[in-house]
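Undergrad: One file: target-v2.txt (compact mmCIF, C-alpha atoms).
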# COMPACT_ATOMS: atom_id res chain seq x y z
CA MET I 1 109.42 120.02 81.80
CA ASP I 2 112.11 117.41 81.56
CA GLY I 3 112.43 113.97 83.02
CA TYR I 4 109.36 112.12 81.81
CA LEU I 5 108.29 108.56 82.47
CA LEU I 6 107.96 107.17 78.96
CA TYR I 7 104.85 105.01 78.75
CA SER I 8 104.57 103.42 75.34
CA GLY I 9 101.51 101.25 76.07
CA CYS I 10 101.16 97.82 74.48
CA LEU I 11 100.43 98.27 70.79
CA ILE I 12 103.60 100.25 70.05
CA PRO I 13 106.11 98.17 72.04
CA SER I 14 104.70 94.81 70.95
CA ARG I 15 103.67 95.33 67.32
CA LEU I 16 105.14 98.66 66.27
CA PRO I 17 108.53 99.03 68.02
CA PHE I 18 109.74 101.13 65.07
CA LEU I 19 107.36 103.89 66.24
CA GLU I 20 109.05 103.77 69.64
CA ALA I 21 112.41 104.07 67.88
CA SER I 22 111.42 107.22 65.96
CA SER I 23 109.85 108.72 69.10
CA ARG I 24 113.04 108.20 71.08
CA PHE I 25 115.08 109.62 68.20
CA VAL I 26 112.99 112.81 68.18
CA LEU I 27 112.98 113.21 71.97
CA ASP I 28 116.76 112.66 72.09
CA ARG I 29 117.36 115.24 69.38
CA LEU I 30 115.22 117.76 71.22
CA GLY I 31 117.01 117.06 74.49
CA VAL I 32 113.81 115.89 76.19
CA THR I 33 114.87 113.37 78.83
CA TYR I 34 112.85 110.33 79.84
CA GLU I 35 113.15 107.11 81.72
CA PRO I 36 111.29 103.81 81.43
CA PHE I 37 108.08 102.99 83.27
CA PRO I 38 108.75 99.32 84.07
CA GLU I 39 105.68 98.90 86.32
CA GLY I 40 103.42 99.81 83.39
CA THR I 41 100.71 97.46 82.12
CA CYS I 42 98.06 97.88 79.45
CA CYS I 43 95.92 100.96 80.21
CA VAL I 44 92.72 98.85 80.05
CA GLU I 45 92.09 100.50 76.72
CA PRO I 46 88.93 102.60 76.50
CA ILE I 47 87.22 100.81 73.59
CA GLY I 48 87.12 97.12 74.49
CA LEU I 49 88.51 96.39 77.94
CA ARG I 50 86.93 99.39 79.66
CA SER I 51 83.65 98.33 78.05
CA LEU I 52 83.96 95.06 79.95
CA GLY I 53 85.03 96.51 83.29
CA TYR I 54 84.87 100.20 84.09
CA ASP I 55 85.76 99.57 87.75
CA ALA I 56 88.88 97.57 86.83
CA TRP I 57 89.90 100.28 84.37
CA LEU I 58 89.84 102.95 87.08
CA LEU I 59 91.80 100.80 89.55
CA VAL I 60 94.46 99.72 87.08
CA VAL I 61 95.08 103.25 85.81
CA ALA I 62 94.99 104.66 89.37
CA ARG I 63 97.77 102.22 90.24
CA MET I 64 99.95 103.61 87.47
CA LEU I 65 99.06 107.22 88.32
CA SER I 66 100.09 106.55 91.92
CA ILE I 67 103.44 105.19 90.77
CA ALA I 68 104.02 108.23 88.52
CA GLU I 69 103.02 110.54 91.36
CA SER I 70 105.45 108.90 93.79
CA ARG I 71 108.25 109.30 91.24
CA GLY I 72 107.39 112.98 90.84
CA LYS I 73 107.47 112.81 87.06
CA ASP I 74 104.99 113.48 84.28
CA VAL I 75 103.95 110.52 82.14
CA LEU I 76 104.67 110.85 78.42
CA MET I 77 102.24 108.97 76.16
CA LEU I 78 102.79 107.79 72.59
CA CYS I 79 99.25 106.45 72.08
CA ASN I 80 95.88 108.23 71.97
CA GLY I 81 94.13 105.29 73.65
CA CYS I 82 96.51 105.27 76.63
CA PHE I 83 96.31 109.06 76.77
CA LEU I 84 92.51 109.07 76.99
CA SER I 85 92.56 106.26 79.52
CA PHE I 86 95.02 108.04 81.83
CA LYS I 87 93.51 111.52 81.42
CA GLU I 88 89.95 110.38 82.04
CA ALA I 89 91.01 108.34 85.07
CA ALA I 90 93.00 111.27 86.49
CA HIS I 91 89.96 113.47 85.87
CA ALA I 92 87.58 111.02 87.59
CA LEU I 93 90.01 110.77 90.52
CA GLU I 94 89.89 114.52 91.10
CA ASP I 95 86.60 113.77 92.86
CA GLU I 96 87.55 113.11 96.47
CA ARG I 97 84.83 110.48 96.98
CA VAL I 98 85.92 108.54 93.91
CA ARG I 99 89.55 108.78 94.98
CA HIS I 100 88.70 107.55 98.48
CA ARG I 101 86.87 104.51 97.09
CA VAL I 102 89.65 103.71 94.62
CA ASN I 103 92.31 104.11 97.30
CA GLN I 104 90.57 101.42 99.34
CA GLY I 105 91.23 99.09 96.40
CA LEU I 106 94.80 100.33 95.96
CA ALA I 107 95.47 99.71 99.67
CA GLU I 108 95.27 95.98 98.83
CA ILE I 109 98.57 96.37 96.99
CA GLY I 110 100.03 98.98 99.34
CA ARG I 111 99.54 101.96 97.06
CA GLU I 112 97.71 105.26 97.30
CA TYR I 113 96.96 108.05 94.86
CA HIS I 114 96.69 111.67 96.00
CA GLY I 115 95.71 113.27 92.72
CA GLY I 116 99.05 114.72 91.72
CA ALA I 117 100.05 112.91 88.50
CA ARG I 118 100.35 114.73 85.19
CA VAL I 119 99.90 113.09 81.82
CA ARG I 120 101.20 114.42 78.51
CA HIS I 121 100.83 113.32 74.91
CA LEU I 122 103.80 113.37 72.53
CA MET I 123 101.82 115.84 70.41
CA GLU I 124 101.62 118.30 73.33
CA VAL I 125 105.30 117.92 74.11
CA LEU I 126 106.27 118.61 70.49
CA GLN I 127 103.96 121.61 70.39
CA GLU I 128 105.64 123.01 73.48
CA VAL I 129 109.08 122.78 71.93
CA GLY I 130 108.07 125.80 69.88
CA SER I 131 108.25 126.42 66.16
CA SER I 132 111.53 128.31 65.97
CA ARG I 133 113.45 125.68 67.92
CA MET I 134 111.96 122.83 65.95
CA GLU I 135 112.41 124.53 62.59
CA SER I 136 116.06 125.22 63.40
CA MET I 137 116.59 121.46 63.67
CA VAL I 138 114.98 120.55 60.36
CA THR I 139 117.73 119.41 58.01
CA ALA I 140 115.52 117.53 55.54
CA PRO I 141 112.35 119.56 54.86
CA GLN I 142 109.49 117.21 53.96
CA ASP I 143 108.21 119.45 51.17
CA ARG I 144 107.22 116.55 48.93
CA LEU I 145 104.48 115.58 51.39
CA ARG I 146 100.90 116.74 50.97
CA LEU I 147 99.46 115.65 54.28
CA ALA I 148 95.96 114.71 55.34
CA LEU I 149 95.86 115.24 59.09
CA HIS I 150 94.22 112.66 61.30
CA PRO I 151 94.67 113.59 64.99
CA GLY I 152 92.49 110.68 66.10
CA CYS I 153 89.51 110.91 68.43
CA HIS I 154 91.28 110.23 71.68
CA VAL I 155 93.67 113.16 71.63
CA ILE I 156 90.76 115.56 70.95
CA ARG I 157 87.54 114.32 72.58
CA PRO I 158 86.45 115.00 75.31
CA ALA I 159 88.18 118.36 74.86
CA LYS I 160 87.29 119.60 78.33
CA VAL I 161 89.17 116.67 79.91
CA LEU I 162 92.04 116.20 77.45
CA ARG I 163 92.75 119.93 76.94
CA VAL I 164 95.13 119.40 74.06
CA ASP I 165 93.30 121.17 71.27
CA ALA I 166 89.92 122.60 70.28
CA HIS I 167 87.19 120.05 69.57
CA TYR I 168 86.17 122.14 66.56
CA SER I 169 88.86 123.10 64.07
CA PRO I 170 91.92 121.81 65.95
CA ARG I 171 95.31 123.17 64.88
CA VAL I 172 98.10 121.61 66.97
CA LEU I 173 98.91 118.81 64.54
CA ALA I 174 98.87 121.28 61.63
CA ASP I 175 101.31 123.54 63.49
CA ILE I 176 103.76 120.71 64.06
CA ALA I 177 103.40 119.35 60.53
CA SER I 178 104.08 122.73 58.95
CA ARG I 179 107.33 123.07 60.90
CA THR I 180 108.69 120.05 59.02
CA GLY I 181 108.18 121.74 55.67
CA ALA I 182 105.25 119.50 54.74
CA GLN I 183 102.13 120.92 53.16
CA VAL I 184 98.79 120.33 54.89
CA VAL I 185 96.01 119.70 52.36
CA SER I 186 93.32 118.24 54.61
CA ASN I 187 92.48 119.07 58.24
CA ASP I 188 88.92 118.26 59.25
CA ALA I 189 87.11 120.83 61.39
CA TRP I 190 85.40 117.92 63.16
CA PRO I 191 88.14 115.30 63.56
CA ARG I 192 87.06 111.96 62.19
CA CYS I 193 87.19 108.48 63.61
CA CYS I 194 89.34 105.89 61.77
CA GLY I 195 86.93 103.03 62.50
CA GLY I 196 89.58 101.11 64.45
CA GLY I 197 87.31 100.64 67.46
CA LEU I 198 85.19 98.17 65.51
CA ALA I 199 88.05 96.25 63.87
CA GLY I 200 87.59 92.61 64.79
CA VAL I 201 84.12 93.34 66.19
CA ASP I 202 82.26 94.55 63.09
CA ASP I 203 84.71 94.62 60.22
CA ARG I 204 82.15 95.79 57.67
CA ILE I 205 81.39 99.01 59.54
CA SER I 206 85.03 99.47 60.53
CA SER I 207 86.16 99.30 56.89
CA ALA I 208 83.36 101.57 55.70
CA ILE I 209 84.35 104.27 58.21
CA LEU I 210 87.99 103.87 57.20
CA GLN I 211 87.09 104.27 53.55
CA ASP I 212 85.11 107.48 54.23
CA ASN I 213 88.32 108.96 55.61
CA VAL I 214 90.62 107.88 52.82
CA ASP I 215 88.17 108.97 50.11
CA SER I 216 88.11 112.48 51.52
CA PHE I 217 91.90 112.55 51.96
CA LYS I 218 92.39 111.53 48.35
CA ALA I 219 89.86 114.05 47.11
CA ALA I 220 91.87 116.75 48.91
CA GLY I 221 94.99 115.71 46.98
CA ALA I 222 96.87 114.14 49.87
CA ASN I 223 99.79 111.80 49.20
CA CYS I 224 100.23 110.78 52.86
CA ILE I 225 98.26 110.63 56.13
CA LEU I 226 99.69 111.95 59.40
CA THR I 227 98.49 110.65 62.78
CA PRO I 228 99.76 110.78 66.38
CA CYS I 229 97.88 107.55 67.25
CA PRO I 230 99.21 104.00 66.76
CA PHE I 231 95.68 102.52 66.58
CA CYS I 232 94.77 104.84 63.73
CA PHE I 233 98.19 104.08 62.23
CA VAL I 234 97.42 100.35 62.14
CA GLN I 235 93.98 100.98 60.68
CA PHE I 236 95.45 103.10 57.85
CA ASP I 237 98.60 101.06 57.25
CA LEU I 238 97.27 97.53 57.59
CA ARG I 239 93.57 97.57 56.81
CA GLN I 240 93.32 100.30 54.20
CA LYS I 241 93.00 99.04 50.62
CA GLN I 242 93.38 102.35 48.77
CA GLY I 243 97.16 102.60 48.95
CA LEU I 244 97.55 105.94 50.74
CA PRO I 245 100.61 105.72 53.03
CA VAL I 246 100.57 106.92 56.63
CA LEU I 247 103.19 108.41 58.93
CA TYR I 248 103.04 108.42 62.71
CA LEU I 249 103.85 111.86 64.16
CA SER I 250 107.37 111.03 65.38
CA GLU I 251 108.25 109.47 62.01
CA LEU I 252 107.51 112.72 60.18
CA VAL I 253 109.55 114.77 62.64
CA ALA I 254 112.40 112.22 62.66
CA LEU I 255 112.60 112.32 58.85
CA ALA I 256 112.66 116.12 58.93
CA PHE I 257 115.46 115.95 61.53
CA GLY I 258 117.47 113.89 59.08
CA ALA I 259 116.85 110.33 60.28
CA SER I 260 117.29 107.76 57.53
CA PRO I 261 114.28 105.56 56.70
CA GLU I 262 116.36 102.53 57.80
CA LEU I 263 117.10 104.02 61.22
CA ILE I 264 113.42 104.43 62.04
CA GLY I 265 112.19 101.26 60.34
CA LEU I 266 110.00 102.65 57.57
CA LYS I 267 110.44 99.26 55.86
CA TYR I 268 107.93 97.85 58.37
CA HIS I 269 105.10 99.90 56.88
CA ARG I 270 102.75 97.79 54.78
CA THR I 271 101.84 100.73 52.57
CA LYS I 272 105.18 102.14 51.47
CA LEU I 273 105.96 105.82 51.33
CA GLU I 274 107.26 106.78 47.88
CA MET G 275 63.89 106.50 85.11
CA ARG G 276 61.89 103.37 84.50
CA LYS G 277 63.04 99.86 85.16
CA VAL G 278 66.02 98.45 83.29
CA ALA G 279 65.57 94.74 82.69
CA LEU G 280 68.54 93.10 84.35
CA ARG G 281 69.23 90.14 86.54
CA PRO G 282 69.02 90.69 90.31
CA GLY G 283 72.14 92.10 91.88
CA LEU G 284 73.26 93.85 88.75
CA GLU G 285 70.17 95.88 88.46
CA ASP G 286 70.86 98.19 91.38
CA GLU G 287 74.44 98.67 90.36
CA LEU G 288 73.52 99.65 86.82
CA LYS G 289 70.59 101.78 87.92
CA ASP G 290 72.88 103.55 90.31
CA ALA G 291 75.49 104.14 87.62
CA LEU G 292 73.00 105.30 85.03
CA SER G 293 71.21 107.57 87.49
CA GLN G 294 74.49 109.35 88.21
CA LEU G 295 74.75 110.06 84.52
CA GLU G 296 71.68 112.28 84.57
CA LEU G 297 69.98 110.53 81.70
CA TRP G 298 66.94 112.69 82.42
CA ARG G 299 68.84 115.50 80.74
CA CYS G 300 68.43 113.78 77.37
CA HIS G 301 65.79 115.62 75.34
CA GLN G 302 65.99 113.15 72.46
CA CYS G 303 67.16 116.02 70.25
CA GLY G 304 69.12 113.58 68.11
CA GLN G 305 72.30 115.67 67.75
CA CYS G 306 74.30 112.60 68.78
CA THR G 307 73.33 110.59 65.72
CA PRO G 308 74.51 112.57 62.65
CA VAL G 309 78.05 112.88 64.11
CA CYS G 310 78.24 109.10 64.67
CA PRO G 311 80.46 107.36 62.09
CA SER G 312 78.89 103.98 62.87
CA ALA G 313 75.31 105.26 62.42
CA ARG G 314 76.21 106.41 58.92
CA HIS G 315 76.82 102.79 58.00
CA GLY G 316 73.83 101.22 59.68
CA GLY G 317 75.59 100.51 62.99
CA ILE G 318 74.41 102.03 66.26
CA ARG G 319 71.50 104.51 66.39
CA THR G 320 72.70 106.61 69.28
CA ARG G 321 69.53 108.58 69.96
CA GLU G 322 67.49 105.38 70.07
CA VAL G 323 69.96 103.71 72.43
CA MET G 324 69.70 106.75 74.71
CA GLU G 325 65.92 106.47 74.63
CA ARG G 326 66.00 102.76 75.38
CA ALA G 327 68.52 103.28 78.20
CA SER G 328 66.27 105.97 79.71
CA THR G 329 63.17 103.82 79.55
CA GLY G 330 64.78 100.47 80.29
CA ALA G 331 63.51 99.04 77.00
CA MET G 332 66.61 96.97 76.46
CA ASP G 333 67.54 93.33 76.91
CA LEU G 334 71.20 93.53 77.81
CA SER G 335 71.75 89.80 77.49
CA MET G 336 70.96 90.06 73.76
CA ASP G 337 71.47 93.63 72.60
CA GLN G 338 73.96 93.80 69.71
CA GLU G 339 73.57 97.47 68.92
CA ILE G 340 75.60 98.66 71.93
CA TRP G 341 78.58 96.75 70.53
CA LYS G 342 78.46 98.73 67.28
CA CYS G 343 79.69 101.91 68.95
CA VAL G 344 83.25 102.75 67.87
CA MET G 345 83.94 104.85 71.05
CA CYS G 346 85.00 107.96 69.14
CA ASN G 347 83.27 110.25 71.71
CA SER G 348 81.72 112.35 68.93
CA CYS G 349 78.23 112.04 70.42
CA SER G 350 79.40 113.09 73.88
CA GLU G 351 81.31 116.03 72.48
CA ARG G 352 78.31 117.16 70.46
CA CYS G 353 75.67 116.70 73.20
CA GLN G 354 74.80 120.17 74.44
CA LEU G 355 73.04 118.85 77.53
CA GLY G 356 76.04 116.98 78.94
CA VAL G 357 74.53 113.52 78.84
CA ASP G 358 77.69 111.72 77.61
CA PRO G 359 76.19 108.92 75.49
CA ALA G 360 79.60 107.22 75.05
CA HIS G 361 79.83 106.76 78.81
CA VAL G 362 76.25 105.51 78.98
CA ILE G 363 77.12 102.95 76.31
CA THR G 364 80.27 101.94 78.23
CA LEU G 365 78.18 101.20 81.34
CA LEU G 366 75.52 99.37 79.32
CA ARG G 367 78.30 97.23 77.83
CA ASN G 368 79.68 96.52 81.32
CA ALA G 369 76.29 95.19 82.41
CA ALA G 370 75.80 93.28 79.15
CA ALA G 371 79.21 91.62 79.54
CA GLN G 372 78.23 90.43 83.01
CA ARG G 373 75.23 88.73 81.38
CA GLY G 374 77.48 86.91 78.91
CA ASN G 375 76.82 89.35 76.06
CA ARG G 376 80.22 90.45 74.76
CA PRO G 377 82.09 90.21 71.43
CA GLU G 378 84.55 87.35 71.15
CA HIS G 379 87.24 89.84 70.07
CA PHE G 380 87.08 91.65 73.43
CA ALA G 381 86.84 88.39 75.40
CA GLU G 382 90.10 87.26 73.78
CA GLU G 383 91.70 90.61 74.52
CA LEU G 384 90.72 90.29 78.18
CA LYS G 385 92.30 86.82 78.38
CA LEU G 386 95.55 88.21 77.02
CA PHE G 387 95.47 91.18 79.38
CA ALA G 388 94.74 89.04 82.45
CA SER G 389 97.52 86.59 81.63
CA SER G 390 100.23 88.95 80.36
CA GLY G 391 99.37 92.50 81.49
CA MET G 392 99.34 93.54 77.83
CA SER G 393 96.57 93.61 75.24
CA PHE G 394 98.71 92.64 72.29
CA PRO G 395 100.80 89.49 72.03
CA ARG G 396 104.56 89.66 72.16
CA THR G 397 105.93 87.56 69.32
CA GLY G 398 109.26 86.61 67.79
CA LEU G 399 108.91 89.67 65.55
CA THR G 400 108.48 91.86 68.64
CA ARG G 401 111.80 90.64 70.02
CA LYS G 402 113.52 90.92 66.64
CA MET G 403 112.34 94.48 66.07
CA ARG G 404 113.13 95.61 69.61
CA LYS G 405 116.64 94.26 69.18
CA GLU G 406 117.02 95.89 65.77
CA PHE G 407 116.16 99.31 67.24
CA SER G 408 118.17 98.74 70.46
CA LEU G 409 115.03 98.98 72.59
CA PRO G 410 114.88 97.38 76.05
CA GLU G 411 113.20 93.98 76.39
CA LEU G 412 109.45 94.25 76.87
CA ASP G 413 108.71 92.63 80.18
CA VAL G 414 105.90 92.82 82.73
CA SER G 415 107.45 91.61 85.99
CA GLU G 416 105.91 88.92 88.19
CA GLY G 417 105.52 91.55 90.92
CA THR G 418 103.46 93.76 88.60
CA MET G 419 101.35 90.80 87.47
CA GLU G 420 100.65 89.91 91.10
CA GLU G 421 99.47 93.48 91.79
CA LEU G 422 97.30 93.37 88.68
CA ARG G 423 95.68 90.08 89.68
CA ARG G 424 94.92 91.36 93.17
CA LEU G 425 93.45 94.58 91.81
CA ILE G 426 91.11 93.06 89.26
CA SER G 427 90.01 89.98 91.24
CA SER G 428 87.26 91.95 93.00
CA THR G 429 86.10 93.86 89.88
CA ARG G 430 83.73 93.09 87.00
CA LEU G 431 86.70 92.00 84.92
CA GLY G 432 87.62 89.51 87.61
CA ARG G 433 84.11 88.05 87.46
CA LEU G 434 84.14 87.55 83.70
Output the structure of this file as structure tokens.
TA:
Amino acid sequence: MDGYLLYSGCLIPSRLPFLEASSRFVLDRLGVTYEPFPEGTCCVEPIGLRSLGYDAWLLVVARMLSIAESRGKDVLMLCNGCFLSFKEAAHALEDERVRHRVNQGLAEIGREYHGGARVRHLMEVLQEVGSSRMESMVTAPQDRLRLALHPGCHVIRPAKVLRVDAHYSPRVLADIASRTGAQVVSNDAWPRCCGGGLAGVDDRISSAILQDNVDSFKAAGANCILTPCPFCFVQFDLRQKQGLPVLYLSELVALAFGASPELIGLKYHRTKLE
Amino acid sequence: MRKVALRPGLEDELKDALSQLELWRCHQCGQCTPVCPSARHGGIRTREVMERASTGAMDLSMDQEIWKCVMCNSCSERCQLGVDPAHVITLLRNAAAQRGNRPEHFAEELKLFASSGMSFPRTGLTRKMRKEFSLPELDVSEGTMEELRRLISSTRLGRL
């Protein structure tokens, strides 16, 4: 479907605007139309803020779902955290009793949610484009890349709510990556966590989890990591000490579509791609 | 389920929440622990937390282990009995936060969210980069902030 509300969250627009730039480049090339979501706030991210206030999380996301519903457009997400937050809230709000209770809170601000919003992740949208169409647009095959795939927890689990890919042996990211001409050398059957959820809370454990990932990627012969999640991106790009570069999903596709590194801001990566 | 040691007022709320989660389903099989990336490095011991949540053997004003969960949902995905340990831990954290037990990192994040509607700060570099890539200004309107304040004032976040 066309005509999305583009919800980029807070990490991408504030710290990683270059990921927004490559996402827009890819959507524009594919003819996927979108408009801004100016009423958007933080999704009350599911690691820290939701841990402090589950009730506030549900209300705040319900507000945004009600706005999307009244516009009659699907919400397009660039971040796994936002995606999980929105999908789990929409799922919880399928229960009429929960929705009734939440709507009493939303009435305070003159809003109401009826259960009709749809939420999509960039990875799903790219998958739907189809391989032949995407491959026909590849002008710069990324055949020098040997990718370690890192879908990130919050586009996979809980699989029965997110419904993007299988929780065991997922393949969507591999499908998209292979259309760009890149080689996939590592794709965990049980997708790993990057450790980002403990960054700033328990840095020792966070770094140890991160290192587990990178060790296995290196052992598989990867020269780059691919992720559709900006939180994982930050963990790999900023906090990783082993020098393996990372690409966000739209960056890989943009490069394959012929975008120059300057146009999509690859210079802002801490760990440079060769 | 036996008593969970909590201050009056919170106790019922937490008991209610935990009872809806069907903690009785937990057989203590331990499948949640080997898939936990934090457990591998001496962080949270998921099966033990589930046991302590079921029996109420937990002091939520002090417990540090619940804050060592990385929220990857591996345990919940693996659990064959549908107990959803990650959600249990989320609710335990909610109650702990109300008792003043919360990591400074998350407390700071909440301050930023409550004051700006965003969880990451907008800096000079934000503006510079957004301009460089011809992206619209990042702005949460006063109207949106007012809605946000009214929504969260009556919630647990509003009480923190």
Undergrad: Near segment 301-315 of chain G, within 8 Å and counting all atoms listed in the file, which residues show up once chain neighbours fewer than 3 positions away are dropped, as a PDB file with C-alpha atoms, keeping the file's coordinate frame?
TA:
ATOM      1  CA  CYS I 193      87.190 108.480  63.610  1.00  0.00           C
ATOM      2  CA  GLY I 195      86.930 103.030  62.500  1.00  0.00           C
ATOM      3  CA  ILE I 205      81.390  99.010  59.540  1.00  0.00           C
ATOM      4  CA  SER I 206      85.030  99.470  60.530  1.00  0.00           C
ATOM      5  CA  ALA I 208      83.360 101.570  55.700  1.00  0.00           C
ATOM      6  CA  ILE I 209      84.350 104.270  58.210  1.00  0.00           C
TER       7      ILE I 209
ATOM      8  CA  TRP G 298      66.940 112.690  82.420  1.00  0.00           C
ATOM      9  CA  ILE G 318      74.410 102.030  66.260  1.00  0.00           C
ATOM     10  CA  ARG G 319      71.500 104.510  66.390  1.00  0.00           C
ATOM     11  CA  THR G 320      72.700 106.610  69.280  1.00  0.00           C
ATOM     12  CA  ARG G 321      69.530 108.580  69.960  1.00  0.00           C
ATOM     13  CA  MET G 324      69.700 106.750  74.710  1.00  0.00           C
ATOM     14  CA  GLU G 325      65.920 106.470  74.630  1.00  0.00           C
ATOM     15  CA  LYS G 342      78.460  98.730  67.280  1.00  0.00           C
ATOM     16  CA  CYS G 343      79.690 101.910  68.950  1.00  0.00           C
ATOM     17  CA  VAL G 344      83.250 102.750  67.870  1.00  0.00           C
ATOM     18  CA  SER G 348      81.720 112.350  68.930  1.00  0.00           C
ATOM     19  CA  CYS G 349      78.230 112.040  70.420  1.00  0.00           C
ATOM     20  CA  SER G 350      79.400 113.090  73.880  1.00  0.00           C
ATOM     21  CA  ARG G 352      78.310 117.160  70.460  1.00  0.00           C
ATOM     22  CA  CYS G 353      75.670 116.700  73.200  1.00  0.00           C
ATOM     23  CA  PRO G 359      76.190 108.920  75.490  1.00  0.00           C
TER      24      PRO G 359
END
Undergrad: Counting only C-alpha atoms, which residue out of I:Val201, I:Cys42, I:Val32, I:Ile47 sits closest to Ala388 of chain G?
TA: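 That would be I:Cys42, the residue with the smallest distance to Ala388 of chain G.
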Undergrad: Could you pull the residues within 12 Å of Arg71 of chain I, counting all atoms listed in the file, minus those fewer than 2 positions along the same chain, as a tab-separated table (two decimals) with C-alpha atoms, in the coordinates of the input?
TA:
chain	number	residue	atom	x	y	z
I	3	GLY	CA	112.43	113.97	83.02
I	4	TYR	CA	109.36	112.12	81.81
I	5	LEU	CA	108.29	108.56	82.47
I	35	GLU	CA	113.15	107.11	81.72
I	36	PRO	CA	111.29	103.81	81.43
I	37	PHE	CA	108.08	102.99	83.27
I	39	GLU	CA	105.68	98.90	86.32
I	64	MET	CA	99.95	103.61	87.47
I	65	LEU	CA	99.06	107.22	88.32
I	66	SER	CA	100.09	106.55	91.92
I	67	ILE	CA	103.44	105.19	90.77
I	68	ALA	CA	104.02	108.23	88.52
I	69	GLU	CA	103.02	110.54	91.36
I	73	LYS	CA	107.47	112.81	87.06
I	74	ASP	CA	104.99	113.48	84.28
I	75	VAL	CA	103.95	110.52	82.14
I	113	TYR	CA	96.96	108.05	94.86
I	116	GLY	CA	99.05	114.72	91.72
I	117	ALA	CA	100.05	112.91	88.50
I	118	ARG	CA	100.35	114.73	85.19
Undergrad: Give the answer as one residue: which of I:Gly115, I:Gly200, I:Pro38, I:Pro245 has the shortest atom-to-atom distance to Tyr7 of chain I, using all atoms listed in the file?
TA: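 Of I:Gly115, I:Gly200, I:Pro38, I:Pro245, the one nearest Tyr7 of chain I is I:Pro38, counting all atoms listed in the file.
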Undergrad: Residues of chain I were defined as contacting chain G if any atom lay at most 8 Å from it, counting only C-alpha atoms; please report them as a ChimeraX atom specification.
TA: /I:10-11,13-18,21,38-42,46-56,59-60,105-106,108-109,153-154,157-159,167,193,195-198,200-202,205-206,208-209,263-264
Undergrad: For atom CA of Trp57 of chain I and atom CA of Lys289 of chain G, determine how far apart the two atoms are, in Å to one decimal place.
TA: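 Going from atom CA of Trp57 of chain I over to atom CA of Lys289 of chain G, I get 19.7 Å.
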Undergrad: May I have the residues within 7 Å of Val357 of chain G as a list in words, using only C-alpha atoms and disregarding those fewer than 3 positions away in the same chain?
TA: Leu295, Glu296, Leu297, Arg299, Cys300, Ser350 and Cys353 of chain G
Undergrad: Assuming 8 Å of padding per side, give the centre and edge lengths of the axis-aligned box around every listed atom of segment 128-143 of chain I, in Å to one decimal and as lines of an AutoDock Vina configuration file.
TA:
center_x = 111.7
center_y = 122.8
center_z = 62.3
size_x = 28.1
size_y = 27.1
size_z = 38.3
Undergrad: Name all residues at most 10 Å from Glu128 of chain I (count all atoms listed in the file; drop same-chain ones fewer than 5 positions away) and give them as a list in words.
TA: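 Final neighbour list, sorted by chain and number: Met1, Leu122, Met123, Arg133, Met134 and Ile176 of chain I.
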Undergrad: What's around Thr180 of chain I at 6 Å? Count all atoms listed in the file, leave out sequence neighbours fewer than 3 positions away in its own chain, and write the answer as a compact mmCIF listing (two decimals) with C-alpha atoms, in the coordinates of the input.
TA:
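Resulting contents of part-v2.txt:
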# COMPACT_ATOMS: atom_id res chain seq x y z
CA PRO I 141 112.35 119.56 54.86
CA GLN I 142 109.49 117.21 53.96
CA ALA I 177 103.40 119.35 60.53
CA ALA I 256 112.66 116.12 58.93
Undergrad: Distance atom CA of Ser8 of chain I-atom CA of Ser23 of chain I, one decimal place?
TA: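 Between atom CA of Ser8 of chain I and atom CA of Ser23 of chain I the gap is 9.7 Å.
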Undergrad: What does the distance from atom CA of Ser132 of chain I to atom CA of Gln183 of chain I come to in Å, to one decimal?
TA: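 Value for the atom CA of Ser132 of chain I-atom CA of Gln183 of chain I distance: 17.5 Å.
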Undergrad: Counting all atoms listed in the file, find the residues whose atoms lie at most 12 Å from (106.9, 127.2, 63.5) (file coordinates) and write them out as an MDAnalysis selection string.
TA: chainID I and resid 126:138 172:182
